[in-house]
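Visitor: Dropping in upload_17.cif, with mmCIF, C-alpha atoms.
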```
data_upload
#
loop_
_atom_site.group_PDB
_atom_site.id
_atom_site.type_symbol
_atom_site.label_atom_id
_atom_site.label_comp_id
_atom_site.auth_asym_id
_atom_site.auth_seq_id
_atom_site.Cartn_x
_atom_site.Cartn_y
_atom_site.Cartn_z
ATOM 1 C CA MET A 4 94.865 174.022 59.979
ATOM 2 C CA LYS A 5 97.284 171.145 60.340
ATOM 3 C CA ARG A 6 98.735 172.722 63.469
ATOM 4 C CA TRP A 7 95.274 172.927 65.023
ATOM 5 C CA ARG A 8 94.593 169.295 64.227
ATOM 6 C CA LYS A 9 97.920 168.290 65.700
ATOM 7 C CA ALA A 10 97.236 170.323 68.848
ATOM 8 C CA ILE A 11 93.767 168.820 69.248
ATOM 9 C CA PHE A 12 95.188 165.298 68.803
ATOM 10 C CA CYS A 13 97.836 165.944 71.456
ATOM 11 C CA LEU A 14 95.218 167.328 73.838
ATOM 12 C CA LEU A 15 92.970 164.287 73.360
ATOM 13 C CA ALA A 16 95.933 161.980 73.937
ATOM 14 C CA ILE A 17 96.773 163.762 77.196
ATOM 15 C CA ILE A 18 93.158 163.558 78.367
ATOM 16 C CA ALA A 19 93.070 159.829 77.561
ATOM 17 C CA ILE A 20 96.264 159.246 79.561
ATOM 18 C CA ILE A 21 94.846 161.157 82.538
ATOM 19 C CA ILE A 22 91.651 159.084 82.450
ATOM 20 C CA VAL A 23 93.595 155.804 82.301
ATOM 21 C CA VAL A 24 95.794 156.824 85.240
ATOM 22 C CA ALA A 25 92.777 157.942 87.287
ATOM 23 C CA VAL A 26 90.946 154.652 86.688
ATOM 24 C CA ALA A 27 94.056 152.676 87.576
ATOM 25 C CA MET A 28 94.474 154.606 90.824
ATOM 26 C CA LYS A 29 90.830 154.115 91.687
ATOM 27 C CA ASN A 30 91.019 150.370 91.072
ATOM 28 C CA SER A 31 94.216 150.199 93.085
ATOM 29 C CA LYS A 32 92.492 151.767 96.073
ATOM 30 C CA LYS A 33 89.633 149.281 95.781
ATOM 31 C CA GLU A 34 92.077 146.363 95.947
ATOM 32 C CA GLU A 35 93.630 147.576 99.190
ATOM 33 C CA SER A 36 92.579 145.653 102.287
ATOM 34 C CA SER A 37 90.672 147.628 104.902
ATOM 35 C CA LEU A 38 92.107 145.414 107.658
ATOM 36 C CA LYS A 39 94.553 147.086 110.002
ATOM 37 C CA ILE A 40 95.923 144.432 112.341
ATOM 38 C CA ALA A 41 98.498 145.382 114.958
ATOM 39 C CA SER A 42 97.871 142.716 117.609
ATOM 40 C CA ALA A 43 96.197 139.407 118.362
ATOM 41 C CA GLN A 44 93.376 141.376 119.980
ATOM 42 C CA ASP A 45 92.726 143.017 116.612
ATOM 43 C CA LEU A 46 92.347 139.564 115.079
ATOM 44 C CA THR A 47 89.895 138.609 117.826
ATOM 45 C CA ARG A 48 87.856 141.732 117.082
ATOM 46 C CA LEU A 49 87.962 140.809 113.399
ATOM 47 C CA VAL A 50 86.407 137.429 114.202
ATOM 48 C CA GLU A 51 83.655 139.115 116.229
ATOM 49 C CA GLU A 52 82.948 141.528 113.355
ATOM 50 C CA VAL A 53 82.503 138.570 111.021
ATOM 51 C CA TYR A 54 80.044 137.013 113.484
ATOM 52 C CA GLU A 55 78.165 140.306 113.575
ATOM 53 C CA LYS A 56 77.853 140.185 109.795
ATOM 54 C CA LYS A 57 76.907 136.509 109.827
ATOM 55 C CA GLU A 58 75.246 134.964 112.852
ATOM 56 C CA LYS A 59 77.556 132.882 115.063
ATOM 57 C CA PRO A 60 76.861 129.272 114.011
ATOM 58 C CA LEU A 61 77.282 127.707 117.472
ATOM 59 C CA PRO A 62 76.631 129.141 120.953
ATOM 60 C CA SER A 63 79.645 127.455 122.580
ATOM 61 C CA ILE A 64 82.285 128.996 120.296
ATOM 62 C CA GLU A 65 85.323 130.505 121.976
ATOM 63 C CA THR A 66 88.009 132.593 120.252
ATOM 64 C CA THR A 67 91.521 132.185 121.640
ATOM 65 C CA GLU A 68 95.024 133.348 120.761
ATOM 66 C CA ILE A 69 97.521 130.662 119.728
ATOM 67 C CA ASP A 70 101.226 130.978 120.437
ATOM 68 C CA VAL A 71 102.862 130.934 116.984
ATOM 69 C CA SER A 72 105.978 129.332 118.497
ATOM 70 C CA ASP A 73 103.934 126.253 119.476
ATOM 71 C CA GLU A 74 104.498 124.105 116.382
ATOM 72 C CA SER A 75 102.076 121.385 117.447
ATOM 73 C CA MET A 76 99.155 123.788 117.962
ATOM 74 C CA VAL A 77 99.939 125.780 114.823
ATOM 75 C CA ASN A 78 100.081 122.568 112.817
ATOM 76 C CA SER A 79 96.778 121.280 114.209
ATOM 77 C CA MET A 80 94.908 124.568 113.736
ATOM 78 C CA THR A 81 96.324 125.764 110.398
ATOM 79 C CA GLY A 82 97.928 122.808 108.646
ATOM 80 C CA LEU A 83 101.219 124.716 108.452
ATOM 81 C CA GLU A 84 104.393 122.961 109.580
ATOM 82 C CA ASN A 85 105.143 125.781 112.004
ATOM 83 C CA GLY A 86 104.376 129.429 112.750
ATOM 84 C CA ASP A 87 107.624 130.878 111.366
ATOM 85 C CA ASN A 88 105.710 132.977 108.816
ATOM 86 C CA LEU A 89 103.019 134.124 111.239
ATOM 87 C CA GLU A 90 103.006 137.143 113.514
ATOM 88 C CA TYR A 91 99.644 136.594 115.238
ATOM 89 C CA LEU A 92 97.146 133.729 115.205
ATOM 90 C CA VAL A 93 93.675 133.289 116.733
ATOM 91 C CA VAL A 94 91.308 130.354 116.468
ATOM 92 C CA SER A 95 87.550 130.305 116.968
ATOM 93 C CA GLU A 96 86.265 126.829 117.802
ATOM 94 C CA PRO A 97 83.525 125.279 119.966
ATOM 95 C CA MET A 98 84.455 124.170 123.475
ATOM 96 C CA ILE A 99 82.768 120.844 122.702
ATOM 97 C CA SER A 100 85.253 118.961 120.522
ATOM 98 C CA SER A 101 82.617 116.742 118.914
ATOM 99 C CA GLN A 102 81.414 119.663 116.762
ATOM 100 C CA ALA A 103 83.331 120.110 113.505
ATOM 101 C CA TYR A 104 83.863 123.857 113.269
ATOM 102 C CA SER A 105 87.040 125.931 112.984
ATOM 103 C CA PHE A 106 87.516 129.576 111.986
ATOM 104 C CA VAL A 107 91.160 130.705 111.907
ATOM 105 C CA VAL A 108 92.607 134.142 111.160
ATOM 106 C CA ALA A 109 96.292 134.982 111.144
ATOM 107 C CA LYS A 110 98.520 137.905 110.327
ATOM 108 C CA VAL A 111 101.627 136.993 108.345
ATOM 109 C CA LYS A 112 105.007 138.579 108.916
ATOM 110 C CA SER A 113 106.254 141.442 106.771
ATOM 111 C CA GLY A 114 107.371 140.244 103.355
ATOM 112 C CA VAL A 115 105.445 136.953 103.534
ATOM 113 C CA ASN A 116 102.986 136.235 100.707
ATOM 114 C CA ALA A 117 99.617 135.800 102.438
ATOM 115 C CA ASP A 118 98.082 134.191 99.356
ATOM 116 C CA ASN A 119 100.677 131.409 99.454
ATOM 117 C CA ILE A 120 99.989 130.845 103.137
ATOM 118 C CA ALA A 121 96.250 130.510 102.446
ATOM 119 C CA LYS A 122 96.959 127.852 99.810
ATOM 120 C CA LYS A 123 99.273 125.948 102.175
ATOM 121 C CA MET A 124 96.611 125.984 104.876
ATOM 122 C CA VAL A 125 94.007 124.361 102.631
ATOM 123 C CA ASP A 126 96.518 121.792 101.396
ATOM 124 C CA GLY A 127 97.825 120.955 104.874
ATOM 125 C CA ILE A 128 94.879 121.148 107.263
ATOM 126 C CA ASN A 129 93.183 117.955 108.442
ATOM 127 C CA PRO A 130 89.375 118.395 108.240
ATOM 128 C CA ARG A 131 88.986 115.156 110.204
ATOM 129 C CA LYS A 132 91.151 116.270 113.130
ATOM 130 C CA TRP A 133 88.239 115.766 115.537
ATOM 131 C CA ILE A 134 88.397 112.001 114.798
ATOM 132 C CA CYS A 135 84.728 111.331 115.593
ATOM 133 C CA VAL A 136 83.382 114.090 113.295
ATOM 134 C CA SER A 137 84.532 115.735 110.085
ATOM 135 C CA ALA A 138 84.119 119.063 108.329
ATOM 136 C CA GLU A 139 82.427 119.022 104.928
ATOM 137 C CA LYS A 140 84.340 121.868 103.300
ATOM 138 C CA VAL A 141 87.609 123.756 103.777
ATOM 139 C CA SER A 142 88.150 127.303 102.442
ATOM 140 C CA ALA A 143 90.931 129.860 102.819
ATOM 141 C CA THR A 144 91.725 133.288 101.417
ATOM 142 C CA SER A 145 93.759 136.380 102.234
ATOM 143 C CA SER A 146 93.256 140.119 102.510
ATOM 144 C CA GLY A 147 96.417 142.181 102.700
ATOM 145 C CA ASP A 148 98.576 140.491 105.315
ATOM 146 C CA VAL A 149 95.687 138.593 106.928
ATOM 147 C CA VAL A 150 94.801 134.978 106.153
ATOM 148 C CA CYS A 151 91.415 133.400 106.853
ATOM 149 C CA LEU A 152 90.755 129.647 107.089
ATOM 150 C CA VAL A 153 87.303 128.124 107.668
ATOM 151 C CA MET A 154 86.199 124.493 107.820
ATOM 152 C CA THR A 155 82.809 123.117 108.863
ATOM 153 C CA ASP A 156 79.649 122.176 106.934
ATOM 154 C CA LYS A 157 79.444 123.595 103.396
ATOM 155 C CA GLU A 158 76.730 126.169 104.062
ATOM 156 C CA THR A 159 78.393 127.621 107.159
ATOM 157 C CA THR A 160 81.843 127.641 105.535
ATOM 158 C CA ASP A 161 80.517 129.743 102.651
ATOM 159 C CA LYS A 162 78.645 132.031 105.047
ATOM 160 C CA ILE A 163 81.684 132.744 107.247
ATOM 161 C CA MET A 164 83.884 133.331 104.188
ATOM 162 C CA GLU A 165 81.323 135.792 102.867
ATOM 163 C CA GLY A 166 81.336 137.592 106.215
ATOM 164 C CA PHE A 167 85.138 137.836 106.120
ATOM 165 C CA LYS A 168 84.960 139.359 102.632
ATOM 166 C CA GLU A 169 82.465 141.957 103.816
ATOM 167 C CA VAL A 170 84.658 142.988 106.748
ATOM 168 C CA ALA A 171 87.922 142.919 104.792
ATOM 169 C CA GLY A 172 86.552 144.880 101.841
ATOM 170 C CA THR A 173 88.503 142.820 99.323
ATOM 171 C CA VAL A 174 90.156 139.405 99.279
ATOM 172 C CA GLY A 175 92.542 137.501 97.077
ATOM 173 C CA LYS A 176 91.976 134.099 95.556
ATOM 174 C CA VAL A 177 89.700 131.756 97.504
ATOM 175 C CA TYR A 178 91.010 128.201 97.844
ATOM 176 C CA SER A 179 88.384 125.559 98.618
ATOM 177 C CA GLU A 180 88.219 121.785 98.973
ATOM 178 C CA ASP A 181 85.245 119.516 99.573
ATOM 179 C CA VAL A 182 86.311 117.056 102.251
ATOM 180 C CA GLU A 183 84.844 114.099 100.377
ATOM 181 C CA ASP A 184 87.467 114.751 97.682
ATOM 182 C CA ILE A 185 90.356 114.774 100.188
ATOM 183 C CA PRO A 186 91.882 111.296 100.715
ATOM 184 C CA ILE A 187 92.351 110.045 104.269
ATOM 185 C CA SER A 188 96.030 109.947 105.162
ATOM 186 C CA ASN A 189 97.922 109.013 108.311
ATOM 187 C CA ASP A 190 100.317 111.861 107.481
ATOM 188 C CA MET A 191 97.651 114.561 107.822
ATOM 189 C CA PRO A 192 98.189 116.995 110.693
ATOM 190 C CA GLY A 193 96.152 116.465 113.833
ATOM 191 C CA PHE A 194 95.772 112.709 113.401
ATOM 192 C CA ASP A 195 98.261 109.947 114.151
ATOM 193 C CA MET A 196 97.262 106.323 113.754
ATOM 194 C CA ASN A 197 100.298 105.329 115.817
ATOM 195 C CA SER A 198 98.896 107.271 118.778
ATOM 196 C CA LEU A 199 95.927 104.914 119.055
ATOM 197 C CA ASP A 200 96.385 102.433 121.900
ATOM 198 C CA VAL A 201 95.558 99.216 120.048
ATOM 199 C CA PRO A 202 97.089 96.064 121.584
ATOM 200 C CA SER A 203 98.976 93.890 119.138
ATOM 201 C CA VAL A 204 98.063 90.211 118.849
ATOM 202 C CA ASP A 205 100.649 87.492 118.250
ATOM 203 C CA THR A 206 98.678 84.763 116.485
ATOM 204 C CA ASP A 207 101.353 82.086 116.913
ATOM 205 C CA THR A 208 101.582 82.775 120.646
ATOM 206 C CA GLU A 209 97.801 82.663 121.007
ATOM 207 C CA ILE A 210 97.634 79.289 119.206
ATOM 208 C CA SER A 211 100.516 77.920 121.270
ATOM 209 C CA ASN A 212 98.883 79.024 124.523
ATOM 210 C CA GLU A 213 95.582 77.526 123.486
ATOM 211 C CA THR A 214 97.276 74.216 122.641
ATOM 212 C CA GLU A 215 98.999 74.113 126.035
ATOM 213 C CA VAL A 216 95.718 74.753 127.814
ATOM 214 C CA ASN A 217 93.982 72.005 125.836
ATOM 215 C CA ASN A 218 96.807 69.571 126.614
ATOM 216 C CA GLU A 219 96.574 70.361 130.317
ATOM 217 C CA ILE A 220 92.834 69.749 130.274
ATOM 218 C CA SER A 221 93.332 66.479 128.399
ATOM 219 C CA ASN A 222 95.993 65.315 130.861
ATOM 220 C CA ASP A 223 93.783 66.208 133.794
ATOM 221 C CA ASN A 224 90.913 64.223 132.308
ATOM 222 C CA GLU A 225 93.156 61.257 131.585
ATOM 223 C CA ASN A 226 94.606 61.278 135.107
ATOM 224 C CA SER A 227 91.139 61.476 136.536
ATOM 225 C CA THR A 228 90.008 58.499 134.465
ATOM 226 C CA ASN A 229 93.043 56.416 135.434
ATOM 227 C CA THR A 230 92.447 57.192 139.096
ATOM 228 C CA GLU A 231 88.862 56.039 138.864
ATOM 229 C CA VAL A 232 89.865 52.753 137.126
ATOM 230 C CA SER A 233 92.559 52.125 139.722
ATOM 231 C CA ASN A 234 90.093 52.622 142.534
ATOM 232 C CA GLU A 235 87.645 50.155 140.986
ATOM 233 C CA VAL A 236 90.342 47.464 140.564
ATOM 234 C CA SER A 237 91.498 47.972 144.136
ATOM 235 C CA ASN A 238 87.975 47.588 145.437
ATOM 236 C CA GLU A 239 87.453 44.354 143.501
ATOM 237 C CA ILE A 240 90.680 42.829 144.861
ATOM 238 C CA SER A 241 89.732 43.793 148.407
ATOM 239 C CA ASN A 242 86.345 42.163 148.017
ATOM 240 C CA GLU A 243 87.870 38.902 146.731
ATOM 241 C CA ILE A 244 90.342 38.738 149.638
ATOM 242 C CA SER A 245 87.548 39.375 152.098
ATOM 243 C CA ASN A 246 85.428 36.562 150.644
ATOM 244 C CA LYS A 247 88.282 34.052 150.846
ATOM 245 C CA VAL A 248 88.955 34.934 154.454
ATOM 246 C CA GLU A 249 85.337 34.326 155.341
ATOM 247 C CA GLU A 250 85.404 30.913 153.633
#
```
What do you get writing this file as structure tokens?
Guide:
Amino acid sequence: MKRWRKAIFCLLAIIAIIIVVAVAMKNSKKEESSLKIASAQDLTRLVEEVYEKKEKPLPSIETTEIDVSDESMVNSMTGLENGDNLEYLVVSEPMISSQAYSFVVAKVKSGVNADNIAKKMVDGINPRKWICVSAEKVSATSSGDVVCLVMTDKETTDKIMEGFKEVAGTVGKVYSEDVEDIPISNDMPGFDMNSLDVPSVDTDTEISNETEVNNEISNDNENSTNTEVSNEVSNEISNEISNKVEE
């Protein structure tokens, strides 16, 4: 009887282990990204699939590939210092720069933690890079080796992120910032106060110049007055001489 109980216990233990392993394998498959990116064109198609899930917010949007070796462009579009950790990068933005909308997807290189890249993008991107307009919200996440960054108004940002999740199947942590909570800084990528062509004003020089001008005007007025007085005196003397001659 004891042997039977022991055998039944062992059998139940084995069944429990099998169930746990099966559930773990199933969950593991669910966490795998469905994105298979082998080129920049694949990233472009990914963007179009997201727009199919969620209506394209603006009619003038154009999706273009960015050269990851172009540090200036990578910095402006992603907030990253450079593209050393990126293999491919595409950006979907309106052709009219006065509209605050940017949807970026990138594939990271093998061995690079995509989740870390997503966090760096949110921390580094300048939502006011358009100068005259600003995004309201910035969000980024990752799926496998693909990173997604969106910034525009709050409603559209959430909608595009939701579309990316639907296409990707599963995503990692979502990092988000409301722009009103992000302080304005001259160090933010895409904006350089020093690049603005504002002429400097030397106050002392301006005052000095103004004083010189006033002095010149004063001298001119004084000379004019003296000339008039001199002419009057000369006329009086001439008249007196003329009268004496007549007498």
Visitor: What is the distance between CA of Lys140 (chain A) and CA of Val107 (chain A), in Å to one decimal?
Guide: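 Spanning CA of Lys140 (chain A) to CA of Val107 (chain A) is a straight-line distance of 14.1 Å.
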Visitor: Need to verify the contact set: region 69-84 of chain A, 9 Å, all atoms listed in the file, exclusion of same-chain residues closer than 2 positions in sequence. Can you return it as a PyMOL selection string?
Guide: chain A and resi 43+67+86-94+105+107+120+123-129+132+152+191-194
Visitor: Written as a VMD selection string, which residues does the PyMOL selection byres ((chain A and resi 53) around 10) give for the file shown?
Guide: chain A and resid 48 to 52 54 to 59 162 to 171
Visitor: What is the CA of Lys110 (chain A) to CA of Val150 (chain A) distance in Å?
Guide: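 Answer for the CA of Lys110 (chain A) to CA of Val150 (chain A) separation: 6.3 Å.
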Visitor: Taking the file as shown, find all residues satisfying the PyMOL selection byres ((chain A and resi 144) around 8) and write them as a list in words.
Guide: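 Checking the PyMOL selection byres ((chain A and resi 144) around 8) against this file, the residues are Asp118, Ala121, Lys122, Ser142, Ala143, Ser145, Ser146, Val150, Cys151, Leu152, Val174, Gly175, Lys176, Val177 and Tyr178 of chain A.
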Visitor: Quick one: apply the PyMOL selection byres ((chain A and resi 135) around 10) to the file and drop the selected residues here as number ranges by chain.
Guide: A: 100-103, 131-134, 136-137
Visitor: Report, in Å with one decimal, the straight-line distance from CA of Asp148 (chain A) to CA of Gly172 (chain A).
Guide: 13.3 Å
Visitor: Excluding Pro130 (chain A) and its own-chain neighbours fewer than 5 positions away, which residues fall within 7 Å of it when counting only C-alpha atoms? Please give them as number ranges by chain.
Guide: A: 137-138, 154, 182
Visitor: For region 56-71 of chain A, I'd like the enclosing box, axis-aligned and padded by 3 Å on every side, reported as lines of an AutoDock Vina configuration file with centre and edge lengths in Å to one decimal.
Guide:
```
center_x = 89.1
center_y = 133.8
center_z = 116.2
size_x = 33.6
size_y = 18.7
size_z = 18.8
```
Visitor: Can you work out which one of A:Ser95, A:Thr173, A:Thr159, A:Ser37 has the shortest atom-to-atom distance to Ala109 (chain A), counting all atoms listed in the file?
Guide: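 Going through A:Ser95, A:Thr173, A:Thr159, A:Ser37 one by one, the smallest distance to Ala109 (chain A) is for A:Ser95.
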Visitor: Which residue is closest to Glu180 (chain A)? Choose from A:Thr160, A:Val141, A:Val153, A:Pro62 and count all atoms listed in the file.
Guide: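 Between A:Thr160, A:Val141, A:Val153, A:Pro62, the residue approaching Glu180 (chain A) most closely is A:Val141.
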